[in-house]
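Written out below as structure tokens is the structure these notes cover.
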Amino acid sequence: MSSLPALFGVLVFTFLLMRVLPGDPAVFFASGPNAGKEEIEVIRKQMGLDKPIPEQLLRYLYDVGRGNLGKSLMTGQSVTTDLRERLPASLELTLTALFIAMLSAIPLGVIAALRPGSIVDHGVRLLCALGVCVPTFVSGLLLIYVFYYLLGLAPDPTGRIDVFTSLPPSRTGFLTIDFLLAGDLDGWWVAVRQLILPALTMALFVIAPLARITRASMLVSLGSDFVRTARSVGLSWWRVVVTYALRNAILPVITIAGIVFSTMLGANVLVEKVYSWPGVASYALDALLSSDYAPVQGFVLLMASIFVVVNLMVDVLYGIADPRVSI
Amino acid sequence: MASATLRHALWILRGNRLTAVATSGVFVLVAIAILGPSIAPYDPIASSVSEALLPPSLLHLAGTDQLGRDTFSRLLVAARLDLVIAVAAVGISFVLGAIIGAFCGYAGGRLDRSVGRFVDVMMAFPLFVLAMAMVAALGNRVENIVIATAIINLPFYTRFARAEVNVRRNLGWVEAARASGESHSSVVLRFLLPNVLPAMAVQMSLNLGWAILNAAGLSFIGLGVRPPTPEWGIMVAEGARFISTGKWWLVAFPGLALMLAVLCFNLLGDGLRDILDPRMRT
């Protein structure tokens, strides 16, 4: 709940962003570059730009509340529509990446913690040290070089499907799920092949912090009394490590996963650019570079809202992982 | 006195090989940043079309780009800009964060709690997105990359200084300073801040790597530094167009430079932290 004030803060921030940005919004909406002074003045009145700033802020909050984020000059559509069209692409990418990262980081951290000081442990620590140093855009490009150019395993790194495949009927917006729902396995494979490299790029970037915290927290939990007791009464290895030790070690991992997710939302910008992925981040970036500010504003707001939702989810997961915590 | 400190530092480094390597790495980086333009074998912006897109060879150690510019020379010259952006940004947020954090930690109470809450929430927000938006608002210039990077780093220092000052505010020597008639701001600035500076320096070293990545990321997406200025992030962005035709050196070498720079700062920070406070090791 503590993140709700932050959302309000971001609302005010994006409002100020719009006000201090170079250029007069009224000129943007005028008929053309040579619109007369009177015309601009009329538009300014219509847009409420002649009102005092606090009143403008209230009007802005009212608009946002009704889902009106303004219009994109680039696409000519409302920003809400544009974002809605592109959000599934970004979410599909980010969630797949988070899934891959968790699936590899937790076992790595557990293995490292089981044999501290061993070669495996040092290997994992080296991997973590290197993992945080490689910029996402570099690792993404190098993956393209290896898997597309050298090995020919990956498809052309542009977009979500190749030009020969037709889109499935849109139900969830997640292409891999839509293809499955439509029963089109060939199409599904095309979508998965396009998805795997960008998702891997993003996962590589966040495996390090996740594995590191899993290792640290597993070390504490493996050294505790209840694990020693569980071992001494002869419970199976799996029971001791996974049921008892890991369950108790998972709380910090969930916290970091929440933080990692928001880092990934930022890293989306870089990965989507590298792979020409048609998501919200590349949309905002294109808009930013062509001085079209309404989409940027909408994008920052969208990110903030996702961030609030993720924080709430982390709180709920906390309650599930540790029954002593109540929301 | 100075030589004793130096000897002590060398003695510590002998026990921490990795930290020693990282320290020399940072020195090399700084040397390249200072000497870059004078030791570069070629002019970093002179193009020669006949030599475009050559793979690495003895003549061009890191190959040439689409305009025939020597990648190795560009890498050397770029070190200064990359380092200056990161150091300036981290420096600004260090000074501001330390002062804000120290005063909040010293004052305590409601203001302190709300600043703390605000900082916690801000740290979890997608900071890169925030930086992007700020560069958009302030204008697409290098100074604004520095400002944006400084602002997104600010919460880390504020939180750190606040926590460190908070545990010290009621210690005996602080009481003594107050009792001897020092004003509150003098207690914070002349007594508490110098005391937390070493710990904050560690934080700064850990943060520099992150700042370098952030600035490079911003220029990779086309914000801040403009071509033909050599800068690692831009060099990767320019090389990206040629990666699917197999011109790997245009991405790999600037990428490697970024990676090594970040690695050195991170290892140095880890090493310093272990020396100052071994309990914080993970």
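Every chain in the structure tokens takes a letter, A first, then B, and so on in the order presented; its residues are numbered from 1, and the ligands are numbered from 1 following the presented order.
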Closest contacts (chain A/chain B, max 6 Å, only C-alpha atoms) as JSON lines:
{"residue": "A:Leu17", "atom": "CA", "partner": "B:Ala137", "partner_atom": "CA", "distance": 5.8}
{"residue": "A:Leu21", "atom": "CA", "partner": "B:Ala137", "partner_atom": "CA", "distance": 4.8}
{"residue": "A:Cys133", "atom": "CA", "partner": "B:Met259", "partner_atom": "CA", "distance": 5.0}
{"residue": "A:Val134", "atom": "CA", "partner": "B:Met259", "partner_atom": "CA", "distance": 5.2}
{"residue": "A:Val138", "atom": "CA", "partner": "B:Gly255", "partner_atom": "CA", "distance": 5.6}
{"residue": "A:Tyr145", "atom": "CA", "partner": "B:Ile243", "partner_atom": "CA", "distance": 5.9}
{"residue": "A:Tyr149", "atom": "CA", "partner": "B:Ser244", "partner_atom": "CA", "distance": 5.8}
{"residue": "A:Ala216", "atom": "CA", "partner": "B:Thr282", "partner_atom": "CA", "distance": 5.9}
{"residue": "A:Ile259", "atom": "CA", "partner": "B:Ala124", "partner_atom": "CA", "distance": 5.5}
{"residue": "A:Ser262", "atom": "CA", "partner": "B:Pro126", "partner_atom": "CA", "distance": 4.9}
{"residue": "A:Thr263", "atom": "CA", "partner": "B:Pro126", "partner_atom": "CA", "distance": 5.3}
{"residue": "A:Gly266", "atom": "CA", "partner": "B:Phe128", "partner_atom": "CA", "distance": 5.1}
Output the selection as an mmCIF file, in the first residue's frame - N, CA, C and O atoms for each residue.
data_model
loop_
_atom_site.group_PDB
_atom_site.id
_atom_site.type_symbol
_atom_site.label_atom_id
_atom_site.label_comp_id
_atom_site.auth_asym_id
_atom_site.auth_seq_id
_atom_site.Cartn_x
_atom_site.Cartn_y
_atom_site.Cartn_z
ATOM 1 N N LEU A 17 6.434 17.134 -16.137
ATOM 2 C CA LEU A 17 7.209 16.761 -17.320
ATOM 3 C C LEU A 17 6.602 17.398 -18.556
ATOM 4 O O LEU A 17 7.268 18.035 -19.367
ATOM 5 N N LEU A 21 8.479 20.478 -20.698
ATOM 6 C CA LEU A 21 9.039 20.001 -21.960
ATOM 7 C C LEU A 21 9.111 21.140 -22.966
ATOM 8 O O LEU A 21 8.252 22.016 -22.975
ATOM 9 N N CYS A 133 28.017 -7.007 -14.818
ATOM 10 C CA CYS A 133 28.884 -6.048 -15.511
ATOM 11 C C CYS A 133 28.569 -5.912 -16.991
ATOM 12 O O CYS A 133 28.934 -4.921 -17.614
ATOM 13 N N VAL A 134 27.961 -6.948 -17.570
ATOM 14 C CA VAL A 134 27.715 -6.892 -19.003
ATOM 15 C C VAL A 134 26.416 -6.134 -19.254
ATOM 16 O O VAL A 134 25.374 -6.524 -18.748
ATOM 17 N N VAL A 138 24.698 -5.109 -24.907
ATOM 18 C CA VAL A 138 25.857 -5.812 -25.462
ATOM 19 C C VAL A 138 25.608 -7.313 -25.481
ATOM 20 O O VAL A 138 25.820 -7.978 -26.499
ATOM 21 N N TYR A 145 24.734 -12.389 -32.560
ATOM 22 C CA TYR A 145 25.884 -12.774 -33.377
ATOM 23 C C TYR A 145 26.090 -14.284 -33.328
ATOM 24 O O TYR A 145 26.237 -14.934 -34.359
ATOM 25 N N TYR A 149 23.926 -15.355 -36.531
ATOM 26 C CA TYR A 149 24.933 -15.279 -37.590
ATOM 27 C C TYR A 149 25.804 -16.530 -37.640
ATOM 28 O O TYR A 149 25.948 -17.150 -38.683
ATOM 29 N N ALA A 216 22.967 -16.501 -0.402
ATOM 30 C CA ALA A 216 23.168 -15.930 0.927
ATOM 31 C C ALA A 216 22.087 -16.402 1.891
ATOM 32 O O ALA A 216 22.364 -16.808 3.024
ATOM 33 N N ILE A 259 12.095 -6.265 -6.847
ATOM 34 C CA ILE A 259 12.981 -5.188 -7.293
ATOM 35 C C ILE A 259 13.510 -5.483 -8.691
ATOM 36 O O ILE A 259 13.546 -4.622 -9.567
ATOM 37 N N SER A 262 11.195 -4.657 -11.484
ATOM 38 C CA SER A 262 11.125 -3.257 -11.905
ATOM 39 C C SER A 262 12.386 -2.838 -12.665
ATOM 40 O O SER A 262 12.313 -2.011 -13.566
ATOM 41 N N THR A 263 13.530 -3.455 -12.331
ATOM 42 C CA THR A 263 14.724 -3.204 -13.155
ATOM 43 C C THR A 263 14.476 -3.691 -14.567
ATOM 44 O O THR A 263 14.904 -3.077 -15.549
ATOM 45 N N GLY A 266 12.719 -1.403 -16.808
ATOM 46 C CA GLY A 266 13.612 -0.411 -17.380
ATOM 47 C C GLY A 266 14.468 -1.005 -18.489
ATOM 48 O O GLY A 266 14.634 -0.408 -19.551
#
Tell me which protein, DNA and RNA residues are within 12 Å of Val188 in chain B, counting only C-alpha atoms, leaving out same-chain ones fewer than 5 positions away, and put them as a ChimeraX atom specification. /B:98-107,161-162,164-166,168-169,174-175,177-178,182-183,193-196
Mind dumping a table of every range 144-207 of chain A residue within 9 Å of range 98-121 of chain A, with the nearest atom pair and its distance in Å to one decimal, using only C-alpha atoms, sorted by chain and rising number, as a tab-separated table?
residue	atom	partner	partner_atom	distance
A:Ala199	CA	A:Ile100	CA	7.8
A:Leu200	CA	A:Ile100	CA	7.3
A:Met202	CA	A:Leu98	CA	8.1
A:Ala203	CA	A:Ala101	CA	4.8
A:Leu204	CA	A:Ala101	CA	7.0
A:Phe205	CA	A:Ala101	CA	8.7
A:Val206	CA	A:Ala101	CA	6.6
A:Ile207	CA	A:Ala101	CA	5.2
What's around Val240 in chain A at 10 Å? Count only C-alpha atoms, leave out sequence neighbours fewer than 5 positions away in its own chain, and write the answer as a list in words.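 Listing them by chain and then by number gives Leu222, Phe226, Val227, Arg228, Thr229, Ala230, Arg231, Gly234, Leu235, Ala245, Leu246 and Arg247 of chain A.
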Quick one, how far is CA of Val95 in chain B from CA of Ser114 in chain B?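 These two atoms are separated by 20.7 Å.
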DSSP on the backbone: what in range 39-171 of chain B comes out helix (DSSP H, G or I), as a PyMOL selection string? chain B and resi 39+49-51+71-107+109-124+127-138+142-168
Pick out the closest residue to His60 in chain B from this set: B:Leu96, B:Leu154, B:Ala40, B:Ile34. Count only C-alpha atoms.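 Using only C-alpha atoms, the shortest distance to His60 in chain B belongs to B:Ala40.
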State, in Å with one decimal place, the distance from CA of Gly68 in chain B to CA of Leu54 in chain B.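 Calculated distance between CA of Gly68 in chain B and CA of Leu54 in chain B is 7.6 Å.
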Write out as a PyMOL selection string each polymer residue whose atoms come within 8 Å of range 284-287 of chain A, counting only C-alpha atoms; drop sequence neighbours fewer than 2 positions from it. (chain A and resi 74+269+280-282+289-293+295-296+299) or (chain B and resi 221)
Could you state the separation of CA of Gly173 in chain A and CA of Arg66 in chain A in Å, given to one decimal place? 23.2 Å
I want to know what sits within 12 Å of Val30 in chain B, based on only C-alpha atoms, with residues of the same chain fewer than 6 positions away left out; could you give that as a list in words?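 Once the nearby chain positions are removed, what remains is Thr23, Ser24, Gly36, Leu76, Val77, Ala78, Ala79, Arg80, Leu81, Asp82, Leu83, Val84, Val87, Ala261, Cys264 and Phe265 of chain B.
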